[in-house]
Amino acid sequence: MNTDEMIQMNNRLREKLAPENREYYEKMLLYLRSSPVPQHQTEELLLEWLEHVLEAEKQGKTAREVFGPDPEGYCEEVVAAMPRRGWGSLGKEILFITWLGLTWTLFVHGALGIILMLVGEWWEIPFREGYQPDQLSLLFVIQILGLFFLVHWVFHHFRKTVFSEEEHGVRENLKFGLTFAAGFGLIWLLEFWLDRWLSLPTLPLSPVMSLILGAVFYAVYRVWIRKLDF
């Protein structure tokens, strides 16, 4: 099976778990998926763990009895013993995030451009100086780079907090939300500064063509990009 098929099988089989076992297992799942272990090996191991838990349930045992009272320590030992992602895997991950970011950039640019032009038929809109709905700013490169680093920070956050005690949940969630918002704010400020002082070049791209390209990029994502193993 490829990685996508294993993920789908995992989703189906998890539905069969008892609530307590499912909660225990899904914390291990989040930890492992956010680790630097190659994706294909991650999903193979997660399926193996899931089969162990399902078999244990038939014998009246819990996931805690299978993996022990310290799932975080267990996961850390497993991850430490497994190989890390190589440069090829990192390249696929960059391609995945870049493709997805560019796809949604095209959709947003196209939809926003059409809306602004239609509304502009009835109301005068104070466009930002120099803004043209049929021009795509190269600022989207900054957005995609920012998305790449934010995704990795989210993975790091999951590994650090997925096994946190319940009483720390609100504090951890608040810290996560504020940090995530601050990250987006820094990206926006960087974009604003670059656009204001460096006059980055733009690509001539009408809103309609942007939507068409977005649809093409999304089709390629569904057929190929989302199935990449990294």
# chains A, B, ... in the order shown; residues from 1 in each chain; ligands from 1
>>> residues_around(residues="Trp49 of chain A", least_positions_apart="6", cutoff="10 Å", atoms="only C-alpha atoms", output="JSON, numbers by chain")
{"A": [25, 28, 29, 43, 55, 63, 66, 67]}
>>> residues_around(residues="Gly88 of chain A", least_positions_apart="4", cutoff="12 Å", atoms="only C-alpha atoms", output="JSON, numbers by chain")
{"A": [38, 84, 92, 93, 94, 95, 228, 229, 230]}
>>> select_by_dssp(residues="segment 2-229 of chain A", states="strand (DSSP E or B)", output="number ranges by chain")
A: 135-137, 202-204
>>> write_last_selection(atoms="C-alpha atoms", output="compact mmCIF listing (two decimals), in the first residue's frame")
# COMPACT_ATOMS: atom_id res chain seq x y z
CA GLN A 135 -1.45 41.58 -11.46
CA LEU A 136 -0.20 38.90 -9.05
CA SER A 137 2.46 40.18 -6.67
CA THR A 202 4.29 41.37 -10.37
CA LEU A 203 3.04 38.76 -12.81
CA PRO A 204 0.38 39.79 -15.36
>>> atom_distance(atom1="atom CA of Thr98 of chain A", atom2="atom CA of Val208 of chain A")
21.6 Å
>>> atom_distance(atom1="atom CA of Leu47 of chain A", atom2="atom CA of Asn11 of chain A")
9.9 Å
>>> atom_distance(atom1="atom CA of Ala215 of chain A", atom2="atom CA of Gly101 of chain A")
13.2 Å
>>> residues_around(residues="Phe148 of chain A", least_positions_apart="5", cutoff="12 Å", atoms="only C-alpha atoms", output="PyMOL selection string")
chain A and resi 90-91+93-101+141-143+153-155+183-184+187
>>> write_last_selection(atoms="N, CA and C atoms", output="mmCIF file, in the first residue's frame")
data_model
loop_
_atom_site.group_PDB
_atom_site.id
_atom_site.type_symbol
_atom_site.label_atom_id
_atom_site.label_comp_id
_atom_site.auth_asym_id
_atom_site.auth_seq_id
_atom_site.Cartn_x
_atom_site.Cartn_y
_atom_site.Cartn_z
ATOM 1 N N LEU A 90 12.824 15.842 2.239
ATOM 2 C CA LEU A 90 12.635 17.271 2.491
ATOM 3 C C LEU A 90 12.217 17.994 1.219
ATOM 4 N N GLY A 91 12.820 17.607 0.081
ATOM 5 C CA GLY A 91 12.452 18.219 -1.191
ATOM 6 C C GLY A 91 10.991 17.971 -1.536
ATOM 7 N N GLU A 93 8.607 17.408 0.609
ATOM 8 C CA GLU A 93 7.796 18.190 1.544
ATOM 9 C C GLU A 93 7.714 19.647 1.102
ATOM 10 N N ILE A 94 8.842 20.203 0.665
ATOM 11 C CA ILE A 94 8.846 21.584 0.172
ATOM 12 C C ILE A 94 7.949 21.709 -1.051
ATOM 13 N N LEU A 95 8.020 20.718 -1.958
ATOM 14 C CA LEU A 95 7.160 20.729 -3.146
ATOM 15 C C LEU A 95 5.693 20.683 -2.744
ATOM 16 N N PHE A 96 5.364 19.828 -1.774
ATOM 17 C CA PHE A 96 3.978 19.686 -1.319
ATOM 18 C C PHE A 96 3.439 21.009 -0.776
ATOM 19 N N ILE A 97 4.186 21.624 0.139
ATOM 20 C CA ILE A 97 3.725 22.863 0.764
ATOM 21 C C ILE A 97 3.690 24.003 -0.249
ATOM 22 N N THR A 98 4.712 24.068 -1.114
ATOM 23 C CA THR A 98 4.757 25.120 -2.127
ATOM 24 C C THR A 98 3.587 24.999 -3.090
ATOM 25 N N TRP A 99 3.321 23.774 -3.533
ATOM 26 C CA TRP A 99 2.228 23.553 -4.493
ATOM 27 C C TRP A 99 0.884 23.918 -3.873
ATOM 28 N N LEU A 100 0.671 23.476 -2.634
ATOM 29 C CA LEU A 100 -0.594 23.770 -1.966
ATOM 30 C C LEU A 100 -0.740 25.269 -1.721
ATOM 31 N N GLY A 101 0.354 25.920 -1.293
ATOM 32 C CA GLY A 101 0.302 27.356 -1.061
ATOM 33 C C GLY A 101 0.032 28.136 -2.336
ATOM 34 N N VAL A 141 5.528 34.416 -2.726
ATOM 35 C CA VAL A 141 6.705 33.613 -2.379
ATOM 36 C C VAL A 141 6.980 33.717 -0.877
ATOM 37 N N ILE A 142 6.859 34.941 -0.330
ATOM 38 C CA ILE A 142 7.051 35.146 1.103
ATOM 39 C C ILE A 142 5.984 34.389 1.883
ATOM 40 N N GLN A 143 4.753 34.413 1.392
ATOM 41 C CA GLN A 143 3.666 33.712 2.063
ATOM 42 C C GLN A 143 3.938 32.213 2.137
ATOM 43 N N TRP A 153 6.718 24.576 12.754
ATOM 44 C CA TRP A 153 6.534 24.980 14.146
ATOM 45 C C TRP A 153 5.329 24.272 14.760
ATOM 46 N N VAL A 154 4.244 24.125 13.986
ATOM 47 C CA VAL A 154 3.058 23.414 14.479
ATOM 48 C C VAL A 154 3.407 21.966 14.810
ATOM 49 N N PHE A 155 4.184 21.309 13.933
ATOM 50 C CA PHE A 155 4.610 19.935 14.209
ATOM 51 C C PHE A 155 5.407 19.868 15.516
ATOM 52 N N GLY A 183 3.049 34.656 14.554
ATOM 53 C CA GLY A 183 3.768 34.225 13.351
ATOM 54 C C GLY A 183 3.147 34.789 12.093
ATOM 55 N N PHE A 184 1.818 34.711 11.999
ATOM 56 C CA PHE A 184 1.141 35.289 10.845
ATOM 57 C C PHE A 184 1.343 36.798 10.794
ATOM 58 N N ILE A 187 4.747 37.596 9.368
ATOM 59 C CA ILE A 187 4.757 37.394 7.915
ATOM 60 C C ILE A 187 4.081 38.571 7.218
#
>>> closest_residue(among="A:Glu48, A:Val78, A:Ser34, A:Leu138", to="Leu106 of chain A", atoms="only C-alpha atoms")
A:Leu138
>>> closest_residue(among="A:Gln41, A:Ser35, A:Asn10, A:Thr161", to="Ala80 of chain A", atoms="only C-alpha atoms")
A:Ser35
>>> closest_residue(among="A:Leu139, A:Leu147, A:Leu112, A:Ile225", to="Leu190 of chain A", atoms="only C-alpha atoms")
A:Leu139
>>> decode(residues="segment 34-77 of chain A", atoms="C-alpha atoms", output="PDB file, in the first residue's frame")
ATOM      1  CA  SER A  34       4.790  15.281  13.588  1.00  0.00           C
ATOM      2  CA  SER A  35       8.203  13.636  14.006  1.00  0.00           C
ATOM      3  CA  PRO A  36      11.075  13.720  11.452  1.00  0.00           C
ATOM      4  CA  VAL A  37      10.545  10.021  10.623  1.00  0.00           C
ATOM      5  CA  PRO A  38       9.816   9.386   6.887  1.00  0.00           C
ATOM      6  CA  GLN A  39       6.082   9.442   6.229  1.00  0.00           C
ATOM      7  CA  HIS A  40       5.783   5.960   4.712  1.00  0.00           C
ATOM      8  CA  GLN A  41       7.555   4.325   7.644  1.00  0.00           C
ATOM      9  CA  THR A  42       5.457   6.391  10.037  1.00  0.00           C
ATOM     10  CA  GLU A  43       2.192   5.112   8.571  1.00  0.00           C
ATOM     11  CA  GLU A  44       3.455   1.512   8.493  1.00  0.00           C
ATOM     12  CA  LEU A  45       4.306   1.695  12.187  1.00  0.00           C
ATOM     13  CA  LEU A  46       1.026   3.397  13.079  1.00  0.00           C
ATOM     14  CA  LEU A  47      -0.943   0.633  11.356  1.00  0.00           C
ATOM     15  CA  GLU A  48       1.102  -1.968  13.207  1.00  0.00           C
ATOM     16  CA  TRP A  49       0.367  -0.252  16.528  1.00  0.00           C
ATOM     17  CA  LEU A  50      -3.317   0.007  15.650  1.00  0.00           C
ATOM     18  CA  GLU A  51      -3.518  -3.709  14.880  1.00  0.00           C
ATOM     19  CA  HIS A  52      -1.932  -4.448  18.277  1.00  0.00           C
ATOM     20  CA  VAL A  53      -4.534  -2.305  20.054  1.00  0.00           C
ATOM     21  CA  LEU A  54      -7.433  -3.870  18.134  1.00  0.00           C
ATOM     22  CA  GLU A  55      -6.166  -7.341  18.973  1.00  0.00           C
ATOM     23  CA  ALA A  56      -5.714  -6.343  22.618  1.00  0.00           C
ATOM     24  CA  GLU A  57      -9.315  -5.116  22.784  1.00  0.00           C
ATOM     25  CA  LYS A  58     -10.521  -8.556  21.710  1.00  0.00           C
ATOM     26  CA  GLN A  59      -8.650  -9.959  24.712  1.00  0.00           C
ATOM     27  CA  GLY A  60     -10.123  -7.379  27.076  1.00  0.00           C
ATOM     28  CA  LYS A  61      -6.931  -5.330  27.353  1.00  0.00           C
ATOM     29  CA  THR A  62      -6.373  -1.580  26.955  1.00  0.00           C
ATOM     30  CA  ALA A  63      -3.865   0.372  24.882  1.00  0.00           C
ATOM     31  CA  ARG A  64      -2.203   1.433  28.132  1.00  0.00           C
ATOM     32  CA  GLU A  65      -1.552  -2.220  28.942  1.00  0.00           C
ATOM     33  CA  VAL A  66      -0.040  -2.751  25.480  1.00  0.00           C
ATOM     34  CA  PHE A  67       2.276   0.288  25.358  1.00  0.00           C
ATOM     35  CA  GLY A  68       2.663   1.126  29.036  1.00  0.00           C
ATOM     36  CA  PRO A  69       1.774   4.092  31.270  1.00  0.00           C
ATOM     37  CA  ASP A  70       4.300   6.421  29.571  1.00  0.00           C
ATOM     38  CA  PRO A  71       3.291   6.691  25.886  1.00  0.00           C
ATOM     39  CA  GLU A  72       5.465   9.786  25.386  1.00  0.00           C
ATOM     40  CA  GLY A  73       8.584   7.966  26.533  1.00  0.00           C
ATOM     41  CA  TYR A  74       7.675   4.993  24.366  1.00  0.00           C
ATOM     42  CA  CYS A  75       7.250   7.214  21.289  1.00  0.00           C
ATOM     43  CA  GLU A  76      10.511   9.055  21.980  1.00  0.00           C
ATOM     44  CA  GLU A  77      12.423   5.770  22.093  1.00  0.00           C
TER      45      GLU A  77
END
